[in-house]
$ cat start.cif   # mmCIF, C-alpha atoms
data_coords
#
loop_
_atom_site.label_atom_id
_atom_site.label_comp_id
_atom_site.auth_asym_id
_atom_site.auth_seq_id
_atom_site.Cartn_x
_atom_site.Cartn_y
_atom_site.Cartn_z
CA MET A 1 7.18 16.36 33.28
CA ASN A 2 9.70 13.67 32.32
CA LEU A 3 8.65 11.34 29.49
CA LYS A 4 12.20 10.41 28.40
CA GLY A 5 12.47 6.79 27.34
CA ARG A 6 8.69 6.27 27.11
CA SER A 7 7.05 4.73 24.06
CA PHE A 8 3.92 6.37 22.63
CA LEU A 9 1.56 3.55 21.69
CA THR A 10 -1.91 4.54 22.93
CA LEU A 11 -3.24 7.38 25.07
CA LYS A 12 -4.53 4.78 27.51
CA ASP A 13 -0.92 4.74 28.76
CA PHE A 14 -0.81 8.48 29.52
CA THR A 15 -2.37 10.57 32.26
CA PRO A 16 -4.44 13.67 31.43
CA GLU A 17 -1.57 15.81 32.73
CA GLU A 18 0.92 14.08 30.42
CA ILE A 19 -1.37 14.50 27.41
CA VAL A 20 -1.81 18.21 28.13
CA TYR A 21 1.95 18.54 28.59
CA LEU A 22 2.51 17.16 25.08
CA ILE A 23 -0.10 19.54 23.65
CA ASP A 24 1.57 22.46 25.44
CA LEU A 25 4.99 21.39 24.17
CA ALA A 26 3.63 21.14 20.63
CA ALA A 27 2.29 24.69 20.92
CA GLU A 28 5.75 25.87 22.03
CA TYR A 29 7.43 24.17 19.09
CA LYS A 30 4.83 25.57 16.70
CA ASP A 31 5.53 29.07 17.98
CA LYS A 32 9.29 28.56 17.57
CA LYS A 33 8.89 27.30 14.01
CA LYS A 34 6.58 30.17 13.04
CA ASN A 35 9.09 32.66 14.44
CA GLY A 36 12.16 31.05 12.92
CA VAL A 37 13.66 30.00 16.24
CA ARG A 38 16.01 27.04 15.80
CA HIS A 39 15.34 24.02 17.99
CA ASP A 40 17.68 21.37 16.60
CA THR A 41 18.53 20.02 20.04
CA LEU A 42 18.70 16.36 18.93
CA ARG A 43 21.56 16.71 16.46
CA GLY A 44 23.38 13.46 15.81
CA LYS A 45 20.40 11.26 16.62
CA ASN A 46 18.47 9.15 14.10
CA ILE A 47 15.04 7.53 13.90
CA ALA A 48 13.59 4.74 11.76
CA LEU A 49 10.15 5.12 10.16
CA ILE A 50 8.40 1.82 9.40
CA PHE A 51 5.37 2.26 7.12
CA GLU A 52 3.42 -0.89 6.36
CA LYS A 53 0.55 1.48 5.52
CA THR A 54 1.62 4.47 3.46
CA SER A 55 0.68 8.03 4.43
CA THR A 56 1.17 11.62 3.36
CA ARG A 57 0.68 13.46 6.66
CA THR A 58 2.29 10.96 9.02
CA ARG A 59 5.43 10.49 6.94
CA CYS A 60 5.91 14.18 6.22
CA SER A 61 5.20 15.08 9.85
CA PHE A 62 7.81 12.69 11.22
CA GLU A 63 10.42 13.63 8.62
CA VAL A 64 10.02 17.41 8.98
CA ALA A 65 9.77 17.20 12.76
CA ALA A 66 12.94 15.11 12.94
CA HIS A 67 14.77 17.47 10.56
CA ASP A 68 13.76 20.51 12.62
CA LEU A 69 15.11 18.75 15.72
CA GLY A 70 18.40 18.10 13.92
CA MET A 71 17.84 14.37 13.40
CA GLY A 72 18.29 11.94 10.54
CA THR A 73 15.52 9.61 9.32
CA THR A 74 15.37 6.31 7.46
CA TYR A 75 12.05 5.56 5.76
CA LEU A 76 11.11 1.90 5.36
CA ASP A 77 8.10 1.42 3.09
CA PRO A 78 6.08 -1.83 2.76
CA SER A 79 8.76 -3.27 0.46
CA GLY A 80 11.69 -1.76 2.33
CA SER A 81 11.94 -4.02 5.37
CA GLN A 82 11.63 -7.69 6.22
CA ILE A 83 9.51 -7.09 9.33
CA GLY A 84 7.17 -10.01 9.90
CA LYS A 85 8.20 -11.66 6.60
CA LYS A 86 11.80 -12.90 6.69
CA GLU A 87 12.54 -11.39 10.10
CA SER A 88 10.43 -11.52 13.23
CA ILE A 89 9.09 -8.35 14.80
CA ALA A 90 11.22 -8.96 17.90
CA ASP A 91 14.40 -9.38 15.85
CA THR A 92 13.62 -6.30 13.77
CA ALA A 93 13.12 -4.29 16.94
CA ARG A 94 16.42 -5.45 18.43
CA VAL A 95 18.33 -4.63 15.23
CA LEU A 96 16.81 -1.18 14.76
CA GLY A 97 17.13 -0.40 18.46
CA ARG A 98 20.91 -0.82 18.13
CA MET A 99 21.07 1.69 15.26
CA TYR A 100 18.40 4.28 16.03
CA GLU A 101 17.30 6.35 18.99
CA GLY A 102 13.62 5.89 18.17
CA ILE A 103 11.30 3.89 15.91
CA GLU A 104 7.96 4.88 14.37
CA TYR A 105 5.52 2.22 13.18
CA ARG A 106 2.44 2.70 11.01
CA GLY A 107 0.58 -0.41 10.00
CA PHE A 108 -1.87 -3.05 11.08
CA GLU A 109 -2.43 -4.75 14.44
CA GLN A 110 -1.66 -2.90 17.67
CA SER A 111 0.15 -6.04 18.82
CA ILE A 112 2.91 -5.33 16.28
CA VAL A 113 3.80 -1.89 17.66
CA GLU A 114 3.49 -3.27 21.19
CA GLU A 115 5.98 -6.04 20.38
CA LEU A 116 8.36 -3.57 18.75
CA ALA A 117 8.29 -1.50 21.93
CA LYS A 118 8.84 -4.57 24.09
CA HIS A 119 12.10 -5.51 22.34
CA ALA A 120 13.55 -2.29 20.85
CA GLY A 121 15.13 -0.78 23.94
CA VAL A 122 14.34 2.69 22.55
CA PRO A 123 11.09 4.69 22.34
CA VAL A 124 8.59 3.39 19.78
CA TRP A 125 5.86 5.67 18.41
CA ASN A 126 2.52 4.56 17.00
CA GLY A 127 1.91 6.34 13.68
CA LEU A 128 -1.37 4.42 13.28
CA THR A 129 -2.60 0.90 13.89
CA ASN A 130 -5.98 -0.66 13.27
CA GLU A 131 -6.92 0.04 16.89
CA TYR A 132 -5.34 3.39 17.79
CA HIS A 133 -4.04 6.65 16.29
CA PRO A 134 -2.57 8.61 19.23
CA THR A 135 -0.47 11.14 17.29
CA GLN A 136 -3.60 12.24 15.41
CA MET A 137 -5.33 12.84 18.76
CA LEU A 138 -2.69 15.33 19.88
CA ALA A 139 -3.08 17.24 16.62
CA ASP A 140 -6.85 17.25 17.00
CA MET A 141 -6.69 18.49 20.59
CA LEU A 142 -4.20 21.24 19.70
CA THR A 143 -6.47 22.36 16.84
CA ILE A 144 -9.57 22.41 19.04
CA ARG A 145 -7.78 24.32 21.80
CA GLU A 146 -6.38 26.85 19.35
CA HIS A 147 -9.88 27.56 18.07
CA PHE A 148 -11.92 27.52 21.29
CA GLY A 149 -9.22 28.39 23.82
CA PHE A 150 -9.92 25.35 26.03
CA LEU A 151 -10.64 21.61 25.93
CA LYS A 152 -12.53 20.66 29.09
CA GLY A 153 -16.28 20.66 28.43
CA ILE A 154 -15.99 20.62 24.62
CA ARG A 155 -18.70 18.49 22.98
CA LEU A 156 -17.28 16.34 20.16
CA THR A 157 -19.42 14.13 17.91
CA TYR A 158 -17.80 11.47 15.76
CA MET A 159 -19.88 10.27 12.79
CA GLY A 160 -19.21 7.14 10.76
CA ASP A 161 -17.46 3.87 11.61
CA ALA A 162 -16.50 4.26 15.28
CA ARG A 163 -15.13 0.74 15.80
CA TYR A 164 -11.51 1.34 14.86
CA ASN A 165 -8.56 3.67 15.44
CA MET A 166 -10.28 7.05 15.10
CA GLY A 167 -13.45 6.31 17.06
CA ASN A 168 -11.45 4.47 19.73
CA SER A 169 -8.81 7.13 20.12
CA LEU A 170 -11.18 10.10 20.12
CA MET A 171 -13.27 8.42 22.81
CA ILE A 172 -10.16 7.81 24.93
CA VAL A 173 -8.75 11.32 24.65
CA CYS A 174 -12.11 13.00 25.25
CA ALA A 175 -12.72 10.83 28.32
CA LYS A 176 -9.26 11.60 29.70
CA LEU A 177 -9.49 15.37 29.14
CA GLY A 178 -13.01 16.03 30.42
CA MET A 179 -14.67 16.38 27.02
CA HIS A 180 -18.08 15.05 26.00
CA PHE A 181 -17.76 12.34 23.33
CA THR A 182 -20.63 11.12 21.17
CA ALA A 183 -20.42 8.31 18.63
CA CYS A 184 -23.24 8.98 16.17
CA THR A 185 -23.61 6.02 13.86
CA ALA A 186 -25.49 2.80 13.17
CA LYS A 187 -25.43 0.49 16.19
CA GLU A 188 -23.20 -2.11 14.53
CA TYR A 189 -20.52 0.58 14.14
CA PHE A 190 -20.40 1.55 17.83
CA PRO A 191 -17.04 1.18 19.63
CA ASP A 192 -16.23 -2.03 21.48
CA ASP A 193 -18.19 -2.42 24.72
CA THR A 194 -15.07 -3.15 26.81
CA LEU A 195 -13.35 0.03 25.63
CA VAL A 196 -16.52 2.04 26.19
CA GLU A 197 -16.64 0.88 29.81
CA LEU A 198 -12.95 1.69 30.31
CA CYS A 199 -13.51 5.18 28.90
CA ARG A 200 -16.46 5.66 31.21
CA THR A 201 -14.10 5.08 34.15
CA TYR A 202 -11.82 7.80 32.73
CA ALA A 203 -14.85 10.04 32.24
CA ALA A 204 -15.98 9.58 35.83
CA GLU A 205 -12.64 11.03 36.98
CA SER A 206 -12.47 13.90 34.48
CA GLY A 207 -16.09 15.04 34.27
CA ALA A 208 -16.43 13.81 30.68
CA SER A 209 -19.31 11.80 29.23
CA ILE A 210 -19.66 9.03 26.65
CA THR A 211 -22.78 8.82 24.47
CA LEU A 212 -23.61 6.28 21.76
CA THR A 213 -26.56 7.11 19.52
CA GLU A 214 -28.05 6.29 16.15
CA ASP A 215 -30.03 9.57 16.14
CA VAL A 216 -28.28 12.17 13.97
CA ASP A 217 -30.39 15.08 15.21
CA ALA A 218 -29.83 14.28 18.89
CA GLY A 219 -26.19 13.25 18.40
CA THR A 220 -25.13 16.46 16.69
CA LYS A 221 -27.36 19.03 18.43
CA GLY A 222 -25.18 21.67 20.08
CA ALA A 223 -21.89 19.90 19.31
CA ASP A 224 -18.77 22.06 19.26
CA VAL A 225 -16.89 19.69 16.97
CA ILE A 226 -18.24 17.41 14.25
CA TYR A 227 -15.63 14.82 13.26
CA THR A 228 -15.61 12.12 10.59
CA ASP A 229 -13.21 9.85 8.72
CA VAL A 230 -13.31 7.72 5.57
CA TRP A 231 -15.75 4.82 5.79
CA VAL A 232 -13.38 2.24 4.27
CA SER A 233 -9.84 2.10 5.64
CA MET A 234 -6.63 1.18 3.87
CA GLY A 235 -6.21 -2.57 3.61
CA GLU A 236 -9.90 -3.41 3.89
CA PRO A 237 -11.42 -5.57 1.10
CA GLU A 238 -13.34 -4.11 -1.83
CA ALA A 239 -16.42 -6.02 -0.70
CA VAL A 240 -17.06 -3.76 2.30
CA TRP A 241 -17.77 -0.64 0.21
CA ALA A 242 -21.40 -1.49 -0.63
CA GLU A 243 -22.35 -2.24 2.98
CA ARG A 244 -20.59 0.82 4.42
CA ILE A 245 -22.19 3.17 1.92
CA GLN A 246 -25.64 1.75 2.62
CA LYS A 247 -25.32 1.74 6.41
CA LEU A 248 -23.34 4.95 6.92
CA SER A 249 -24.88 7.30 4.34
CA PRO A 250 -27.35 8.63 6.96
CA TYR A 251 -24.27 9.75 8.94
CA LYS A 252 -22.67 11.86 6.22
CA VAL A 253 -21.61 15.29 7.47
CA THR A 254 -23.77 17.78 5.60
CA LYS A 255 -24.66 21.45 5.99
CA ASP A 256 -27.82 20.35 7.81
CA VAL A 257 -25.67 18.49 10.34
CA MET A 258 -23.43 21.53 10.87
CA ASP A 259 -26.48 23.81 11.17
CA ASN A 260 -27.93 21.47 13.77
CA ALA A 261 -24.69 21.64 15.72
CA GLY A 262 -24.74 25.42 15.55
CA GLU A 263 -22.90 28.28 13.91
CA LYS A 264 -19.97 28.02 16.35
CA ALA A 265 -19.34 24.35 15.53
CA VAL A 266 -16.22 23.32 13.60
CA PHE A 267 -15.55 20.38 11.31
CA LEU A 268 -12.54 18.07 11.61
CA HIS A 269 -11.32 15.17 9.47
CA CYS A 270 -8.00 13.33 9.75
CA LEU A 271 -7.72 13.10 5.92
CA PRO A 272 -7.70 11.99 3.18
CA ALA A 273 -11.37 12.77 2.55
CA PHE A 274 -13.81 11.74 -0.17
CA HIS A 275 -15.51 15.15 -0.37
CA ASP A 276 -15.41 15.11 -4.18
CA LEU A 277 -14.37 12.80 -7.03
CA LYS A 278 -10.91 14.28 -7.62
CA THR A 279 -9.08 11.12 -6.52
CA LYS A 280 -8.63 7.81 -8.34
CA ILE A 281 -10.42 5.76 -5.67
CA GLY A 282 -13.15 8.35 -5.19
CA ARG A 283 -13.82 8.49 -8.91
CA GLU A 284 -13.87 4.68 -9.28
CA GLN A 285 -16.17 4.11 -6.31
CA GLY A 286 -18.34 7.09 -7.20
CA GLU A 287 -18.98 5.72 -10.66
CA LYS A 288 -19.66 2.25 -9.23
CA TYR A 289 -22.02 3.28 -6.43
CA GLY A 290 -23.43 6.56 -7.75
CA PHE A 291 -22.12 9.15 -5.28
CA THR A 292 -20.25 12.42 -5.74
CA GLU A 293 -19.38 12.92 -2.05
CA LEU A 294 -19.06 10.31 0.65
CA GLU A 295 -18.49 10.88 4.38
CA VAL A 296 -18.61 14.69 4.09
CA THR A 297 -20.03 17.06 1.50
CA ASP A 298 -17.72 19.38 -0.38
CA GLU A 299 -19.79 22.30 0.92
CA VAL A 300 -18.85 21.47 4.52
CA PHE A 301 -15.25 20.47 3.74
CA GLU A 302 -14.56 23.79 2.02
CA SER A 303 -16.53 25.91 4.48
CA GLU A 304 -15.20 28.39 7.03
CA GLN A 305 -16.19 25.91 9.74
CA SER A 306 -13.68 23.39 8.41
CA LEU A 307 -10.34 23.32 10.24
CA VAL A 308 -8.96 20.28 8.45
CA PHE A 309 -5.81 21.94 7.14
CA ASP A 310 -4.95 23.53 10.49
CA GLU A 311 -5.42 20.03 11.88
CA ALA A 312 -3.15 18.51 9.21
CA GLU A 313 -0.39 21.02 9.91
CA ASN A 314 -0.63 20.32 13.62
CA ARG A 315 0.29 16.68 13.01
CA MET A 316 3.86 17.87 12.51
CA HIS A 317 4.02 20.08 15.61
CA THR A 318 2.53 17.45 17.89
CA ILE A 319 4.71 14.65 16.51
CA LYS A 320 7.70 16.88 17.11
CA ALA A 321 6.61 17.20 20.73
CA VAL A 322 6.31 13.42 21.10
CA ILE A 323 9.78 12.82 19.63
CA ALA A 324 11.39 15.55 21.71
CA ALA A 325 9.70 14.57 24.98
CA THR A 326 10.46 10.87 24.70
CA LEU A 327 14.04 11.35 23.53
CA GLY A 328 14.76 14.06 26.11
CA ALA A 329 15.43 17.05 23.83
#

$ encode --input "start.cif" --output "C-alpha cells"
Amino acid sequence: MNLKGRSFLTLKDFTPEEIVYLIDLAAEYKDKKKNGVRHDTLRGKNIALIFEKTSTRTRCSFEVAAHDLGMGTTYLDPSGSQIGKKESIADTARVLGRMYEGIEYRGFEQSIVEELAKHAGVPVWNGLTNEYHPTQMLADMLTIREHFGFLKGIRLTYMGDARYNMGNSLMIVCAKLGMHFTACTAKEYFPDDTLVELCRTYAAESGASITLTEDVDAGTKGADVIYTDVWVSMGEPEAVWAERIQKLSPYKVTKDVMDNAGEKAVFLHCLPAFHDLKTKIGREQGEKYGFTELEVTDEVFESEQSLVFDEAENRMHTIKAVIAATLGA
C-alpha cells in the first residue's frame, strides 16, 4: 500500500483497504512504542502544526508522533500565524510547503484545509474541521478492533448532535468498513441528507447499514458501541447552549442506555467531556442551566465499559501512522 504524497483530509478520499492499512500500521507502531523499539525513520524532516482551534489530544498526538519518528515540529496557535488574516490560505500553503515536509491544520471550514492541500505541494493532514475529523476515526476504529477483535458487523450508535464532524465522520467510516451506524438524536440534528445518501452507497458495497432514529430504546438496543460528543462545539455562540440542552437531554448517555445496549457494549467519547462540573465551562453552564452532567453521566464515563482513555492514547498511534504513510517512512 503506497500512500506517499497523499493528503489526509476526509475518509471519503480513502478506500476501505487504505483505511484498514492505516489502522494496521498504527497497531504496528503502537507495539513498537510499547516495546521500546525505535522507529525514528523520518529524521531530518519537519512538519508545521496550524491550530486555529486549540486541542490537548490532537496537538500532543502530532508532536509526540513526530518526535518518535525523528521529526521536528513548529506549532502555530491562533495568534501565531497570519493565515487568512494578513496572508491568504494559498500563500500560507506555498510558504510552509517550501519549509516543511507536511502540514497539519485544525480549525474551521473544510474548505480551508482543502485549499491548503491544493497549494502546499506536501501532504496536508486534517486535525479537525467543522465537517470532518478523520484522525479521530482511525483512533476510534483501532480502539474498537482492539476490544472486539474485528470491525465488520460492529453496531455503533452515535447520540447527540450528528450534523457536524463527529457524526459525519463516524457515518463515513462505518459505511466504508461494513459497520452498522445509527444516529440516535432529535430529527433536526440528523446528518445532512446528501452525505447520508453517499454513505448509503458505501454501505451497499461493504454490507454496512445507516439508520437515523429519534427513538433511544430502538437506537441503542443491542449496540456494541455507544458514542457521544459535547453538544456545543468550540467556536459556537453562547446562545446555542439553551436549545441544545433542551433538545438533546433525552439523548444523554446514561446507565439505562448502556444497559439497553447490553453488558458487552462499550462507551466512546472523543473528549473533552462534560461528565461532571470539574471544568470552568462545565461549572459555569451547570450553574446557569441546572445540570451536573451533560452528554454522558459520570457513572458511565468512569465505568468499566468506558474506553475513552484507550481511545485518547490511540490518537497518537494512528496519527503517527498517517504521518509515516504519507511521508513514506

$ residues_around --input "start.cif" --residues "Leu9 of chain A" --least-positions-apart "5" --cutoff "7 Å" --atoms "only C-alpha atoms" --output "list of chain:residue names"
A:Trp125, A:Asn126, A:Pro134

$ resolve_selection --input "start.cif" --expression "the PyMOL selection byres ((chain A and resi 115) around 12)" --output "PDB file with C-alpha atoms, keeping the file's coordinate frame"
ATOM      1  CA  SER A   7       7.050   4.730  24.060  1.00  0.00           C
ATOM      2  CA  LEU A   9       1.560   3.550  21.690  1.00  0.00           C
ATOM      3  CA  ILE A  83       9.510  -7.090   9.330  1.00  0.00           C
ATOM      4  CA  GLY A  84       7.170 -10.010   9.900  1.00  0.00           C
ATOM      5  CA  SER A  88      10.430 -11.520  13.230  1.00  0.00           C
ATOM      6  CA  ILE A  89       9.090  -8.350  14.800  1.00  0.00           C
ATOM      7  CA  ALA A  90      11.220  -8.960  17.900  1.00  0.00           C
ATOM      8  CA  ASP A  91      14.400  -9.380  15.850  1.00  0.00           C
ATOM      9  CA  THR A  92      13.620  -6.300  13.770  1.00  0.00           C
ATOM     10  CA  ALA A  93      13.120  -4.290  16.940  1.00  0.00           C
ATOM     11  CA  ARG A  94      16.420  -5.450  18.430  1.00  0.00           C
ATOM     12  CA  TYR A 105       5.520   2.220  13.180  1.00  0.00           C
ATOM     13  CA  GLU A 109      -2.430  -4.750  14.440  1.00  0.00           C
ATOM     14  CA  GLN A 110      -1.660  -2.900  17.670  1.00  0.00           C
ATOM     15  CA  SER A 111       0.150  -6.040  18.820  1.00  0.00           C
ATOM     16  CA  ILE A 112       2.910  -5.330  16.280  1.00  0.00           C
ATOM     17  CA  VAL A 113       3.800  -1.890  17.660  1.00  0.00           C
ATOM     18  CA  GLU A 114       3.490  -3.270  21.190  1.00  0.00           C
ATOM     19  CA  LEU A 116       8.360  -3.570  18.750  1.00  0.00           C
ATOM     20  CA  ALA A 117       8.290  -1.500  21.930  1.00  0.00           C
ATOM     21  CA  LYS A 118       8.840  -4.570  24.090  1.00  0.00           C
ATOM     22  CA  HIS A 119      12.100  -5.510  22.340  1.00  0.00           C
ATOM     23  CA  ALA A 120      13.550  -2.290  20.850  1.00  0.00           C
ATOM     24  CA  GLY A 121      15.130  -0.780  23.940  1.00  0.00           C
ATOM     25  CA  VAL A 124       8.590   3.390  19.780  1.00  0.00           C
ATOM     26  CA  TRP A 125       5.860   5.670  18.410  1.00  0.00           C
ATOM     27  CA  ASN A 126       2.520   4.560  17.000  1.00  0.00           C
TER      28      ASN A 126
END

$ atom_distance --input "start.cif" --atom1 "atom CA of Ala242 of chain A" --atom2 "atom CA of Asp140 of chain A"
29.6 Å

$ atom_distance --input "start.cif" --atom1 "atom CA of Leu69 of chain A" --atom2 "atom CA of Cys174 of chain A"
29.4 Å

$ closest_residue --input "start.cif" --among "A:Lys288, A:Val257, A:Lys278, A:Ala203" --to "Trp241 of chain A" --atoms "all atoms listed in the file"
A:Lys288

$ resolve_selection --input "start.cif" --expression "the PyMOL selection byres ((chain A and resi 131) around 9)" --output "list in words"
Phe108, Glu109, Gln110, Leu128, Thr129, Asn130, Tyr132, His133, Arg163, Tyr164, Asn165, Met166, Asn168 and Ser169 of chain A

$ resolve_selection --input "start.cif" --expression "the PyMOL selection byres ((chain A and resi 293) around 12)" --output "PDB file with C-alpha atoms, keeping the file's coordinate frame"
ATOM      1  CA  VAL A 230     -13.310   7.720   5.570  1.00  0.00           C
ATOM      2  CA  TRP A 231     -15.750   4.820   5.790  1.00  0.00           C
ATOM      3  CA  ILE A 245     -22.190   3.170   1.920  1.00  0.00           C
ATOM      4  CA  SER A 249     -24.880   7.300   4.340  1.00  0.00           C
ATOM      5  CA  LYS A 252     -22.670  11.860   6.220  1.00  0.00           C
ATOM      6  CA  VAL A 253     -21.610  15.290   7.470  1.00  0.00           C
ATOM      7  CA  THR A 254     -23.770  17.780   5.600  1.00  0.00           C
ATOM      8  CA  ALA A 273     -11.370  12.770   2.550  1.00  0.00           C
ATOM      9  CA  PHE A 274     -13.810  11.740  -0.170  1.00  0.00           C
ATOM     10  CA  HIS A 275     -15.510  15.150  -0.370  1.00  0.00           C
ATOM     11  CA  ASP A 276     -15.410  15.110  -4.180  1.00  0.00           C
ATOM     12  CA  LEU A 277     -14.370  12.800  -7.030  1.00  0.00           C
ATOM     13  CA  LYS A 278     -10.910  14.280  -7.620  1.00  0.00           C
ATOM     14  CA  THR A 279      -9.080  11.120  -6.520  1.00  0.00           C
ATOM     15  CA  GLY A 282     -13.150   8.350  -5.190  1.00  0.00           C
ATOM     16  CA  ARG A 283     -13.820   8.490  -8.910  1.00  0.00           C
ATOM     17  CA  GLN A 285     -16.170   4.110  -6.310  1.00  0.00           C
ATOM     18  CA  GLY A 286     -18.340   7.090  -7.200  1.00  0.00           C
ATOM     19  CA  GLU A 287     -18.980   5.720 -10.660  1.00  0.00           C
ATOM     20  CA  TYR A 289     -22.020   3.280  -6.430  1.00  0.00           C
ATOM     21  CA  GLY A 290     -23.430   6.560  -7.750  1.00  0.00           C
ATOM     22  CA  PHE A 291     -22.120   9.150  -5.280  1.00  0.00           C
ATOM     23  CA  THR A 292     -20.250  12.420  -5.740  1.00  0.00           C
ATOM     24  CA  LEU A 294     -19.060  10.310   0.650  1.00  0.00           C
ATOM     25  CA  GLU A 295     -18.490  10.880   4.380  1.00  0.00           C
ATOM     26  CA  VAL A 296     -18.610  14.690   4.090  1.00  0.00           C
ATOM     27  CA  THR A 297     -20.030  17.060   1.500  1.00  0.00           C
ATOM     28  CA  ASP A 298     -17.720  19.380  -0.380  1.00  0.00           C
ATOM     29  CA  GLU A 299     -19.790  22.300   0.920  1.00  0.00           C
ATOM     30  CA  VAL A 300     -18.850  21.470   4.520  1.00  0.00           C
ATOM     31  CA  PHE A 301     -15.250  20.470   3.740  1.00  0.00           C
TER      32      PHE A 301
END

$ atom_distance --input "start.cif" --atom1 "atom CA of Glu302 of chain A" --atom2 "atom CA of Lys30 of chain A"
24.4 Å

$ decode --input "start.cif" --residues "segment 226-244 of chain A" --atoms "C-alpha atoms" --output "short mmCIF file (atom, residue, chain, number, x, y, z; two decimals), in the first residue's frame"
data_model
loop_
_atom_site.label_atom_id
_atom_site.label_comp_id
_atom_site.auth_asym_id
_atom_site.auth_seq_id
_atom_site.Cartn_x
_atom_site.Cartn_y
_atom_site.Cartn_z
CA ILE A 226 -22.35 3.85 22.25
CA TYR A 227 -20.61 7.06 21.19
CA THR A 228 -21.24 10.70 22.06
CA ASP A 229 -19.53 14.09 21.95
CA VAL A 230 -20.06 17.51 23.53
CA TRP A 231 -23.28 19.19 22.46
CA VAL A 232 -21.73 22.63 21.89
CA SER A 233 -18.52 22.78 19.87
CA MET A 234 -15.63 25.21 20.16
CA GLY A 235 -16.39 28.48 18.40
CA GLU A 236 -20.17 28.18 18.60
CA PRO A 237 -22.06 31.11 20.20
CA GLU A 238 -23.22 31.10 23.81
CA ALA A 239 -26.81 31.34 22.62
CA VAL A 240 -26.94 27.73 21.39
CA TRP A 241 -26.49 26.19 24.86
CA ALA A 242 -30.12 26.52 25.97
CA GLU A 243 -31.53 24.96 22.80
CA ARG A 244 -29.02 22.09 22.72
#
